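Dropping structure-v7.csv in here (CSV, C-alpha atoms):
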chain,number,residue,atom,x,y,z
F,1,MET,CA,77.0,91.3,107.7
F,2,ASN,CA,80.7,91.9,108.6
F,3,LEU,CA,83.7,89.7,109.2
F,4,TYR,CA,85.9,90.8,112.1
F,5,ILE,CA,89.4,89.3,112.2
F,6,ASN,CA,90.9,89.4,115.7
F,7,CYS,CA,94.7,89.3,115.3
F,8,SER,CA,95.7,89.4,118.9
F,9,PRO,CA,97.8,86.6,120.5
F,10,LYS,CA,95.6,86.9,123.5
F,11,ILE,CA,92.6,85.8,121.4
F,12,LYS,CA,89.4,86.1,123.5
F,13,ASN,CA,91.2,87.7,126.5
F,14,SER,CA,92.5,90.5,124.4
F,15,ASN,CA,91.6,94.2,124.2
F,16,SER,CA,91.0,93.6,120.5
F,17,GLU,CA,88.2,91.2,121.5
F,18,TYR,CA,86.7,93.8,123.9
F,19,PHE,CA,86.7,96.5,121.1
F,20,THR,CA,85.2,94.0,118.7
F,21,GLN,CA,82.4,93.0,121.1
F,22,LEU,CA,81.6,96.7,121.5
F,23,ILE,CA,81.3,97.2,117.8
F,24,LYS,CA,79.9,94.0,116.3
F,25,SER,CA,76.3,93.3,115.5
F,26,ASP,CA,74.6,90.0,116.2
F,27,ASN,CA,74.9,88.8,112.6
F,28,ASP,CA,78.6,89.6,112.3
F,29,ILE,CA,81.2,86.9,112.8
F,30,ILE,CA,84.7,86.9,114.3
F,31,ASN,CA,87.6,84.8,113.2
F,32,TYR,CA,90.9,84.5,115.2
F,33,ILE,CA,94.2,84.6,113.5
F,34,TYR,CA,95.9,82.9,116.4
F,35,LYS,CA,93.3,80.1,116.7
F,36,ASP,CA,91.4,79.5,113.5
F,37,ASN,CA,92.6,77.7,110.4
F,38,PHE,CA,94.0,80.1,107.8
F,39,GLU,CA,91.9,78.4,105.1
F,40,LEU,CA,88.7,79.1,107.0
F,41,ILE,CA,89.6,82.7,107.4
F,42,LYS,CA,90.4,83.0,103.7
F,43,LYS,CA,87.1,81.3,102.8
F,44,ASN,CA,85.2,83.8,105.0
F,45,ILE,CA,87.1,86.7,103.4
F,46,SER,CA,85.9,85.5,100.1
F,47,ILE,CA,82.3,85.5,101.4
F,48,TYR,CA,82.0,88.8,103.4
F,49,LYS,CA,82.2,92.2,101.8
F,50,ASN,CA,83.1,94.3,104.9
F,51,ILE,CA,86.2,92.9,106.6
F,52,ILE,CA,87.6,94.5,109.8
F,53,PHE,CA,91.1,93.6,110.9
F,54,VAL,CA,91.6,94.3,114.7
F,55,PHE,CA,95.1,94.1,115.9
F,56,PRO,CA,97.4,95.4,118.7
F,57,LEU,CA,100.7,97.1,118.0
F,58,TYR,CA,103.6,94.6,118.5
F,59,MET,CA,107.1,96.1,118.2
F,60,ASP,CA,105.9,99.0,116.0
F,61,THR,CA,104.0,96.8,113.5
F,62,PHE,CA,101.4,94.1,113.5
F,63,PRO,CA,101.7,90.7,115.2
F,64,SER,CA,103.8,88.0,113.6
F,65,LYS,CA,100.9,85.6,113.0
F,66,LEU,CA,99.1,88.3,111.0
F,67,ILE,CA,102.2,88.6,108.9
F,68,GLU,CA,102.2,84.8,108.5
F,69,PHE,CA,98.6,85.0,107.3
F,70,MET,CA,99.4,87.8,104.9
F,71,GLU,CA,102.3,85.7,103.5
F,72,ASN,CA,99.9,82.9,102.9
F,73,PHE,CA,97.2,85.1,101.4
F,74,ASN,CA,97.7,84.7,97.7
F,75,ASN,CA,94.2,85.9,96.7
F,76,LYS,CA,93.1,89.5,95.9
F,77,LEU,CA,90.8,91.7,97.9
F,78,ILE,CA,88.9,93.0,94.9
F,79,ASN,CA,85.5,94.5,95.9
F,80,LYS,CA,86.2,94.1,99.6
F,81,ASN,CA,85.8,97.0,102.0
F,82,ILE,CA,88.6,96.8,104.5
F,83,TYR,CA,88.6,98.6,107.9
F,84,ILE,CA,91.3,98.5,110.6
F,85,ILE,CA,91.1,98.8,114.3
F,86,CYS,CA,94.6,99.2,115.7
F,87,ASN,CA,95.5,99.8,119.4
F,88,CYS,CA,98.7,100.3,121.4
F,89,GLY,CA,99.4,100.6,125.1
F,90,PHE,CA,101.2,103.9,124.7
F,91,LEU,CA,99.2,107.1,125.3
F,92,GLU,CA,100.0,108.5,121.8
F,93,TYR,CA,97.9,106.9,119.1
F,94,ARG,CA,100.4,108.3,116.6
F,95,GLN,CA,102.7,105.4,117.5
F,96,ASN,CA,100.2,103.2,115.5
F,97,PHE,CA,100.5,105.2,112.3
F,98,LEU,CA,103.4,103.2,110.8
F,99,ALA,CA,101.6,99.9,111.3
F,100,ILE,CA,98.4,101.3,109.8
F,101,ASP,CA,100.3,102.8,106.8
F,102,THR,CA,102.0,99.4,106.2
F,103,PHE,CA,98.7,97.6,106.4
F,104,ILE,CA,97.1,100.0,104.0
F,105,TYR,CA,100.0,99.5,101.6
F,106,TRP,CA,99.3,95.7,101.7
F,107,ILE,CA,95.5,96.3,101.1
F,108,ASN,CA,96.2,98.5,98.1
F,109,LYS,CA,98.6,95.9,96.7
F,110,LYS,CA,95.8,93.3,97.1
F,111,LYS,CA,93.4,95.6,95.2
F,112,GLY,CA,91.1,96.0,98.2
F,113,PHE,CA,89.2,99.2,99.1
F,114,PHE,CA,90.7,100.7,102.2
F,115,LYS,CA,87.7,102.3,103.9
F,116,GLY,CA,89.1,103.6,107.2
F,117,TYR,CA,90.7,103.0,110.6
F,118,LEU,CA,90.0,103.5,114.3
F,119,ASN,CA,93.4,104.3,115.8
F,120,ILE,CA,93.5,103.7,119.6
F,121,GLY,CA,96.2,104.9,122.0
F,122,SER,CA,96.3,103.8,125.7
F,123,GLY,CA,94.4,100.6,124.7
F,124,GLU,CA,95.5,98.7,127.8
F,125,ILE,CA,93.9,101.2,130.1
F,126,ILE,CA,90.8,101.5,127.9
F,127,GLY,CA,90.6,97.7,128.1
F,128,ILE,CA,90.4,97.9,131.9
F,129,THR,CA,87.1,99.8,131.6
F,130,LYS,CA,85.5,96.4,131.2
F,131,LYS,CA,85.9,96.0,135.0
F,132,ASN,CA,86.5,99.5,136.2
F,133,LYS,CA,83.6,101.8,135.5
F,134,PHE,CA,85.3,104.8,137.1
F,135,LEU,CA,88.0,104.7,134.4
F,136,SER,CA,85.2,104.9,131.7
F,137,LEU,CA,84.9,108.6,132.6
F,138,PHE,CA,88.3,109.2,131.1
F,139,CYS,CA,87.4,107.2,128.0
F,140,HIS,CA,84.4,109.1,126.8
F,141,ASP,CA,86.1,110.0,123.5
F,142,PHE,CA,86.8,106.3,122.8
F,143,PHE,CA,83.2,105.3,123.4
F,144,LYS,CA,81.9,108.1,121.2
F,145,LYS,CA,84.4,107.3,118.4
F,146,ILE,CA,83.7,103.5,118.5
F,147,LYS,CA,80.0,104.2,118.0
F,148,ILE,CA,80.7,106.5,115.0
F,149,PHE,CA,83.0,103.9,113.5
F,150,LYS,CA,80.4,101.2,113.8
F,151,CYS,CA,77.8,103.4,111.9
F,152,TYR,CA,80.3,104.0,109.2
F,153,ILE,CA,81.2,100.3,108.8
F,154,ASN,CA,77.5,99.3,108.6
F,155,ASN,CA,76.9,102.0,106.0
F,156,GLU,CA,80.1,101.1,104.1
F,157,LYS,CA,81.4,104.7,104.3
F,158,SER,CA,85.0,105.9,104.7
F,159,ILE,CA,86.3,107.3,108.0
F,160,ASN,CA,89.5,107.7,109.9
F,161,LEU,CA,89.4,108.2,113.7
F,162,ASN,CA,92.0,108.6,116.4
F,163,THR,CA,91.3,108.3,120.1
F,164,ASN,CA,92.9,107.7,123.5
F,165,ILE,CA,92.3,108.3,127.2
F,166,LYS,CA,91.6,111.9,128.1
F,167,TRP,CA,92.6,114.3,130.9
F,168,LEU,CA,95.9,112.6,131.5
F,169,ASN,CA,99.2,114.1,130.5
F,170,LYS,CA,102.2,111.9,129.6
F,171,ARG,CA,103.8,112.1,133.0
F,172,LEU,CA,100.7,111.1,134.9
F,173,PHE,CA,100.0,108.4,132.4
F,174,CYS,CA,103.4,106.9,133.0
F,175,ILE,CA,103.0,107.1,136.8
F,176,ILE,CA,99.6,105.2,136.6
F,177,CYS,CA,100.9,102.5,134.2
F,178,ASN,CA,104.1,102.0,136.2
F,179,HIS,CA,102.1,101.6,139.4
F,180,PHE,CA,100.1,98.9,137.6
F,181,TRP,CA,103.2,97.1,136.5
F,182,LYS,CA,104.8,97.3,139.9
F,183,LYS,CA,101.8,95.5,141.3
F,184,ARG,CA,102.1,92.7,138.7
F,185,ILE,CA,105.8,92.1,138.9
F,186,LYS,CA,106.9,89.5,141.4
U,1,MET,CA,129.6,89.7,120.8
U,2,LYS,CA,127.0,90.0,118.0
U,3,THR,CA,123.5,88.6,118.0
U,4,ILE,CA,122.0,87.9,114.7
U,5,ILE,CA,118.3,87.3,114.2
U,6,HIS,CA,117.6,86.1,110.7
U,7,ASP,CA,115.4,84.1,108.4
U,8,LEU,CA,118.0,82.7,106.1
U,9,ASP,CA,118.3,79.0,105.3
U,10,ASN,CA,121.6,77.1,105.6
U,11,ILE,CA,123.7,79.7,107.4
U,12,GLU,CA,126.9,79.0,109.1
U,13,VAL,CA,126.2,78.6,112.9
U,14,ASP,CA,128.2,79.9,115.7
U,15,ASN,CA,127.6,80.9,119.3
U,16,ASN,CA,126.6,84.4,118.5
U,17,ILE,CA,124.0,83.4,115.9
U,18,ILE,CA,120.4,82.7,116.7
U,19,LEU,CA,119.2,79.8,114.7
U,20,ASN,CA,116.4,80.1,112.2
U,21,ASP,CA,114.0,77.4,113.5
U,22,TYR,CA,110.8,76.8,111.7
U,23,ASN,CA,109.2,75.5,114.9
U,24,ILE,CA,109.6,78.6,116.9
U,25,LYS,CA,106.4,79.2,118.9
U,26,ASN,CA,104.5,82.4,118.8
U,27,CYS,CA,104.5,85.0,121.6
U,28,ILE,CA,101.1,84.6,123.4
U,29,GLY,CA,101.2,88.0,125.0
U,30,CYS,CA,101.3,86.6,128.6
U,31,PHE,CA,104.0,89.1,129.7
U,32,ASN,CA,105.6,86.5,131.9
U,33,CYS,CA,109.0,87.6,130.5
U,34,TRP,CA,108.2,90.9,132.2
U,35,THR,CA,106.4,89.8,135.3
U,36,ASN,CA,106.9,86.3,136.7
U,37,THR,CA,110.2,85.2,135.1
U,38,PRO,CA,112.0,88.4,133.8
U,39,MET,CA,113.8,87.9,130.5
U,40,LYS,CA,112.7,84.2,130.3
U,41,CYS,CA,109.9,83.2,127.9
U,42,ILE,CA,107.2,80.8,129.0
U,43,HIS,CA,107.7,78.6,126.0
U,44,LYS,CA,110.3,75.9,126.5
U,45,ASP,CA,112.2,76.0,123.3
U,46,ASN,CA,115.5,77.3,121.9
U,47,TYR,CA,114.4,80.9,122.2
U,48,LYS,CA,113.3,81.0,125.8
U,49,GLU,CA,116.4,83.0,126.9
U,50,VAL,CA,117.4,84.8,123.7
U,51,CYS,CA,117.0,88.3,125.2
U,52,LYS,CA,119.8,87.5,127.7
U,53,ASN,CA,122.0,86.8,124.6
U,54,ILE,CA,121.0,90.2,123.2
U,55,LEU,CA,121.8,92.0,126.5
U,56,ASN,CA,125.2,90.4,126.5
U,57,SER,CA,126.0,91.6,123.0
U,58,ASP,CA,127.4,94.8,121.7
U,59,THR,CA,125.6,94.6,118.3
U,60,LEU,CA,122.2,93.4,117.3
U,61,ILE,CA,121.9,92.4,113.7
U,62,ILE,CA,118.5,91.7,112.1
U,63,VAL,CA,118.4,90.0,108.7
U,64,SER,CA,114.9,89.7,107.1
U,65,ARG,CA,113.2,89.2,103.8
U,66,ASN,CA,111.2,92.4,103.0
U,67,PHE,CA,107.5,91.7,103.2
U,68,TYR,CA,105.5,94.7,102.0
U,69,GLY,CA,107.7,97.1,104.1
U,70,THR,CA,107.9,95.0,107.3
U,71,TYR,CA,109.8,92.0,108.7
U,72,SER,CA,109.1,88.5,107.6
U,73,SER,CA,106.9,86.5,110.0
U,74,LYS,CA,109.8,84.3,111.1
U,75,VAL,CA,112.0,87.3,112.1
U,76,LYS,CA,109.0,89.0,113.7
U,77,LYS,CA,108.2,85.9,115.8
U,78,ILE,CA,111.8,85.9,117.3
U,79,LEU,CA,111.6,89.6,118.0
U,80,GLU,CA,108.3,89.3,119.8
U,81,ARG,CA,109.8,86.6,122.0
U,82,ASN,CA,112.4,89.2,123.1
U,83,ILE,CA,110.4,92.0,124.6
U,84,GLY,CA,112.0,91.2,127.9
U,85,PHE,CA,115.0,93.0,126.5
U,86,VAL,CA,113.3,96.2,127.8
U,87,LEU,CA,111.3,96.7,131.1
U,88,PRO,CA,107.5,97.1,131.1
U,89,TYR,CA,107.8,100.5,132.8
U,90,PHE,CA,107.1,103.6,130.7
U,91,VAL,CA,109.5,106.6,130.4
U,92,ILE,CA,109.3,109.7,128.2
U,93,ARG,CA,112.0,109.6,125.6
U,94,ASN,CA,112.2,112.1,122.6
U,95,LYS,CA,108.8,113.5,123.9
U,96,GLU,CA,107.1,110.1,123.4
U,97,ILE,CA,106.3,107.3,125.8
U,98,HIS,CA,108.5,104.3,125.5
U,99,HIS,CA,109.5,101.3,127.5
U,100,LYS,CA,112.3,101.8,130.0
U,101,ALA,CA,115.6,100.3,129.0
U,102,ARG,CA,117.0,97.4,131.0
U,103,ILE,CA,120.6,98.5,130.5
U,104,LYS,CA,122.2,101.9,130.1
U,105,GLN,CA,124.5,100.9,127.3
U,106,LYS,CA,123.0,101.3,123.8
U,107,LEU,CA,123.7,98.4,121.4
U,108,ASP,CA,124.8,98.9,117.8
U,109,PHE,CA,122.0,98.1,115.5
U,110,ILE,CA,122.3,96.8,112.0
U,111,THR,CA,119.4,95.7,109.8
U,112,ILE,CA,119.7,93.9,106.5
U,113,PHE,CA,116.7,93.5,104.2
U,114,TYR,CA,116.7,91.4,101.1
U,115,GLY,CA,114.4,90.6,98.2
U,116,LYS,CA,112.6,92.9,95.8
U,117,ILE,CA,112.2,96.3,97.6
U,118,ASN,CA,110.7,99.4,96.0
U,119,SER,CA,111.0,103.0,97.2
U,120,LYS,CA,107.8,103.0,99.2
U,121,GLU,CA,108.8,99.8,101.0
U,122,LYS,CA,112.2,101.3,101.8
U,123,LEU,CA,110.5,104.2,103.4
U,124,LEU,CA,108.3,102.0,105.5
U,125,LEU,CA,111.3,99.8,106.5
U,126,GLU,CA,113.4,102.8,107.5
U,127,LYS,CA,110.6,104.1,109.6
U,128,LEU,CA,110.1,100.7,111.2
U,129,VAL,CA,113.7,100.2,112.1
U,130,ASN,CA,114.1,103.8,113.5
U,131,ARG,CA,111.0,103.2,115.7
U,132,ASN,CA,112.4,99.9,116.9
U,133,ALA,CA,115.7,101.7,117.8
U,134,LEU,CA,113.8,104.3,119.7
U,135,ASN,CA,111.6,101.8,121.6
U,136,PHE,CA,114.4,99.4,122.4
U,137,ASN,CA,116.9,102.1,123.2
U,138,LEU,CA,119.4,101.0,120.5
U,139,LYS,CA,121.9,103.2,118.6
U,140,LYS,CA,120.9,104.9,115.3
U,141,PRO,CA,120.4,101.9,112.9
U,142,THR,CA,122.5,101.1,109.9
U,143,ILE,CA,120.1,99.8,107.2
U,144,LEU,CA,121.4,97.7,104.3
U,145,TYR,CA,119.5,96.3,101.3
U,146,PHE,CA,120.5,93.3,99.2
U,147,LYS,CA,118.9,91.7,96.2
U,148,ASN,CA,118.9,88.1,97.4
U,149,GLU,CA,120.0,85.7,100.2
U,150,ASN,CA,123.3,84.9,98.6
U,151,ASP,CA,124.4,88.5,98.6
U,152,VAL,CA,123.5,88.7,102.3
U,153,ARG,CA,125.5,85.5,103.1
U,154,ARG,CA,128.5,87.0,101.2
U,155,TYR,CA,128.2,90.2,103.1
U,156,LEU,CA,127.9,88.4,106.5
U,157,ASN,CA,130.9,86.2,105.7
U,158,GLU,CA,133.1,89.2,104.6
U,159,SER,CA,132.1,91.9,107.0
U,160,ILE,CA,130.4,90.4,110.1
U,161,TYR,CA,131.8,87.0,111.2
Structure rendered as structure tokens:
Amino acid sequence: MNLYINCSPKIKNSNSEYFTQLIKSDNDIINYIYKDNFELIKKNISIYKNIIFVFPLYMDTFPSKLIEFMENFNNKLINKNIYIICNCGFLEYRQNFLAIDTFIYWINKKKGFFKGYLNIGSGEIIGITKKNKFLSLFCHDFFKKIKIFKCYINNEKSINLNTNIKWLNKRLFCIICNHFWKKRIK
Amino acid sequence: MKTIIHDLDNIEVDNNIILNDYNIKNCIGCFNCWTNTPMKCIHKDNYKEVCKNILNSDTLIIVSRNFYGTYSSKVKKILERNIGFVLPYFVIRNKEIHHKARIKQKLDFITIFYGKINSKEKLLLEKLVNRNALNFNLKKPTILYFKNENDVRRYLNESIY
């Protein structure tokens, strides 16, 4: 059994939730940093062995409430397997590397076992595949990697994976996203 | 004008300084500050129009306690409430995708970190601040480190106010 910790401010409407639902098994549980009591999350961390933090990139690092939780987390993560799923809206997943590195540094300081990450670029567009099946064609790499990541978590093995939407160059990606934003802006 | 975002207690307040308020609400990721009410946050508190202050400044100063190589949660909360400082649209800058700047002029950017900071944390903080400058189209940052809050206050009094 695994504990997923959704660290997105959008809680259940987030892409983090979408990714978690794709990967979690029936027996796994989800806690929400922006909704659940910190004490409850801390208690669950002490119970579960595999803990997966799922967070979006916010201003080049992780969301503020996750930092607040970390500031309040005085325990150690001894014998805990920690995985990370990090996503950003930019096409380049490498923009997540700093947030992942910083989080790994914290895990090491807390004596946890860092077991791996799934690093997702173009997360906003991948999130739209919930409703738009045509877009799923461009996200085949993501769906393949998330399945692999799930297997590695369940077998408590180490793995680092990077993924994003395929067949789009940066210029085309910007055009599509800007079109999306123009429609949203009043 | 300078805008200072900080997490210090008992600091002298003036028009340019954004208060450190323990009751600041979290960004909820609604993007209203990008879509429905540009540059205005949906939360009705002291921070709802902070990004307008930043846009009217020539210098942005961030003062934060070091927390494992990132900002303290208090400072990060304020920063997240200010994403309206840039536009939601994407542009390619330095061969990477970033948000489009709302203004052409680049602000001066000073960051001050205090507390116990080791060499690994300094490296993470420098990377973070440089990435913030790139994403928010700010000038190359000046990064300063101080041992404690009192040293920061002394520096602000002597060099910034």
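Neighbouring residues of Phe103 of chain F at 10 Å or closer, counting all atoms listed in the file and skipping chain neighbours under 2 positions away, are Phe53, Thr61, Phe62, Ile67, Met70, Ile84, Phe97, Leu98, Ala99, Ile100, Asp101, Tyr105, Trp106, Ile107, Asn108, Lys109 and Phe114 of chain F; Tyr68, Gly69 and Thr70 of chain U.
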Please produce a file of those selected residues containing C-alpha atoms, as an mmCIF file, in the coordinates of the input.
data_model
loop_
_atom_site.group_PDB
_atom_site.id
_atom_site.type_symbol
_atom_site.label_atom_id
_atom_site.label_comp_id
_atom_site.auth_asym_id
_atom_site.auth_seq_id
_atom_site.Cartn_x
_atom_site.Cartn_y
_atom_site.Cartn_z
ATOM 1 C CA PHE F 53 91.100 93.600 110.900
ATOM 2 C CA THR F 61 104.000 96.800 113.500
ATOM 3 C CA PHE F 62 101.400 94.100 113.500
ATOM 4 C CA ILE F 67 102.200 88.600 108.900
ATOM 5 C CA MET F 70 99.400 87.800 104.900
ATOM 6 C CA ILE F 84 91.300 98.500 110.600
ATOM 7 C CA PHE F 97 100.500 105.200 112.300
ATOM 8 C CA LEU F 98 103.400 103.200 110.800
ATOM 9 C CA ALA F 99 101.600 99.900 111.300
ATOM 10 C CA ILE F 100 98.400 101.300 109.800
ATOM 11 C CA ASP F 101 100.300 102.800 106.800
ATOM 12 C CA TYR F 105 100.000 99.500 101.600
ATOM 13 C CA TRP F 106 99.300 95.700 101.700
ATOM 14 C CA ILE F 107 95.500 96.300 101.100
ATOM 15 C CA ASN F 108 96.200 98.500 98.100
ATOM 16 C CA LYS F 109 98.600 95.900 96.700
ATOM 17 C CA PHE F 114 90.700 100.700 102.200
ATOM 18 C CA TYR U 68 105.500 94.700 102.000
ATOM 19 C CA GLY U 69 107.700 97.100 104.100
ATOM 20 C CA THR U 70 107.900 95.000 107.300
#
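Residues from chain F found within 8 Å of chain U are Pro9, Lys10, Tyr58, Met59, Asp60, Thr61, Pro63, Ser64, Lys65, Ile67, Glu68, Glu71, Phe90, Leu91, Glu92, Leu98, Thr102, Tyr105, Trp106, Lys170, Arg171, Cys174, Cys177, Asn178, Trp181, Arg184, Ile185 and Lys186 of chain F, counting all atoms listed in the file.
Minimum atom-to-atom distance to Ile112 of chain U, evaluated using all atoms listed in the file, belongs to U:Val152 out of U:Met1, U:Leu60, U:Ile42, U:Val152.
With all atoms listed in the file as the atoms that count, the residue of U:Glu126, U:Asp151, U:Glu49, U:Asp58 with the shortest distance to Phe85 of chain U is U:Glu49.
As for atom CA of Cys51 of chain U and atom CA of Gly84 of chain U, they are spaced 6.4 Å apart.
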Practice item. Write out as a ChimeraX atom specification each polymer residue whose atoms come within 9 Å of Asp141 of chain F, counting all atoms listed in the file; drop sequence neighbours fewer than 4 positions from it. Key: /F:145-146,163-166
Limited to C-alpha atoms, could you put the picked residues into a file as a compact mmCIF listing (two decimals), in the frame of the given file?
# COMPACT_ATOMS: atom_id res chain seq x y z
CA LYS F 145 84.40 107.30 118.40
CA ILE F 146 83.70 103.50 118.50
CA THR F 163 91.30 108.30 120.10
CA ASN F 164 92.90 107.70 123.50
CA ILE F 165 92.30 108.30 127.20
CA LYS F 166 91.60 111.90 128.10
Would you fill the gaps in segment 44-52 of chain F so it has all heavy atoms, then print it as a short mmCIF file (atom, residue, chain, number, x, y, z; two decimals), in the frame of the given file?
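New file rebuild02.cif:
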data_model
loop_
_atom_site.label_atom_id
_atom_site.label_comp_id
_atom_site.auth_asym_id
_atom_site.auth_seq_id
_atom_site.Cartn_x
_atom_site.Cartn_y
_atom_site.Cartn_z
N ASN F 44 86.14 82.79 104.53
CA ASN F 44 85.20 83.80 105.00
C ASN F 44 85.50 85.19 104.37
O ASN F 44 84.58 85.95 104.11
CB ASN F 44 85.28 83.93 106.54
CG ASN F 44 84.51 82.80 107.20
OD1 ASN F 44 83.57 82.28 106.62
ND2 ASN F 44 84.91 82.42 108.40
N ILE F 45 86.78 85.46 104.12
CA ILE F 45 87.10 86.70 103.40
C ILE F 45 86.48 86.75 102.05
O ILE F 45 86.00 87.79 101.59
CB ILE F 45 88.65 86.93 103.38
CG1 ILE F 45 89.19 87.31 104.77
CG2 ILE F 45 89.04 88.01 102.36
CD1 ILE F 45 90.70 87.42 104.88
N SER F 46 86.45 85.59 101.41
CA SER F 46 85.90 85.50 100.10
C SER F 46 84.34 85.72 100.11
O SER F 46 83.73 86.14 99.14
CB SER F 46 86.23 84.23 99.36
OG SER F 46 85.54 83.16 99.97
N ILE F 47 83.73 85.41 101.26
CA ILE F 47 82.30 85.50 101.40
C ILE F 47 81.81 86.92 101.78
O ILE F 47 80.89 87.46 101.20
CB ILE F 47 81.74 84.47 102.42
CG1 ILE F 47 82.05 83.03 101.95
CG2 ILE F 47 80.26 84.66 102.70
CD1 ILE F 47 81.83 81.97 103.02
N TYR F 48 82.47 87.49 102.78
CA TYR F 48 82.00 88.80 103.40
C TYR F 48 82.53 89.96 102.56
O TYR F 48 83.65 89.92 102.03
CB TYR F 48 82.44 88.88 104.82
CG TYR F 48 81.65 87.96 105.72
CD1 TYR F 48 82.00 86.61 105.85
CD2 TYR F 48 80.54 88.42 106.41
CE1 TYR F 48 81.28 85.75 106.65
CE2 TYR F 48 79.81 87.56 107.23
CZ TYR F 48 80.18 86.23 107.34
OH TYR F 48 79.46 85.39 108.13
N LYS F 49 81.72 91.03 102.55
CA LYS F 49 82.20 92.20 101.80
C LYS F 49 82.93 93.19 102.72
O LYS F 49 83.93 93.77 102.30
CB LYS F 49 80.94 92.94 101.22
CG LYS F 49 81.39 93.99 100.22
CD LYS F 49 80.25 94.69 99.54
CE LYS F 49 80.83 95.72 98.56
NZ LYS F 49 79.87 96.72 98.20
N ASN F 50 82.45 93.36 103.95
CA ASN F 50 83.10 94.30 104.90
C ASN F 50 84.02 93.44 105.82
O ASN F 50 83.52 92.58 106.55
CB ASN F 50 82.13 95.03 105.74
CG ASN F 50 81.33 96.00 104.92
OD1 ASN F 50 81.77 96.44 103.86
ND2 ASN F 50 80.13 96.32 105.39
N ILE F 51 85.30 93.72 105.81
CA ILE F 51 86.20 92.90 106.60
C ILE F 51 86.99 93.92 107.54
O ILE F 51 87.54 94.92 107.07
CB ILE F 51 87.21 92.14 105.77
CG1 ILE F 51 86.40 91.14 104.92
CG2 ILE F 51 88.22 91.38 106.62
CD1 ILE F 51 86.99 90.88 103.59
N ILE F 52 86.96 93.62 108.84
CA ILE F 52 87.60 94.50 109.80
C ILE F 52 88.73 93.77 110.49
O ILE F 52 88.49 92.79 111.21
CB ILE F 52 86.58 95.04 110.85
CG1 ILE F 52 85.42 95.73 110.13
CG2 ILE F 52 87.25 96.01 111.82
CD1 ILE F 52 84.20 94.90 109.97
#
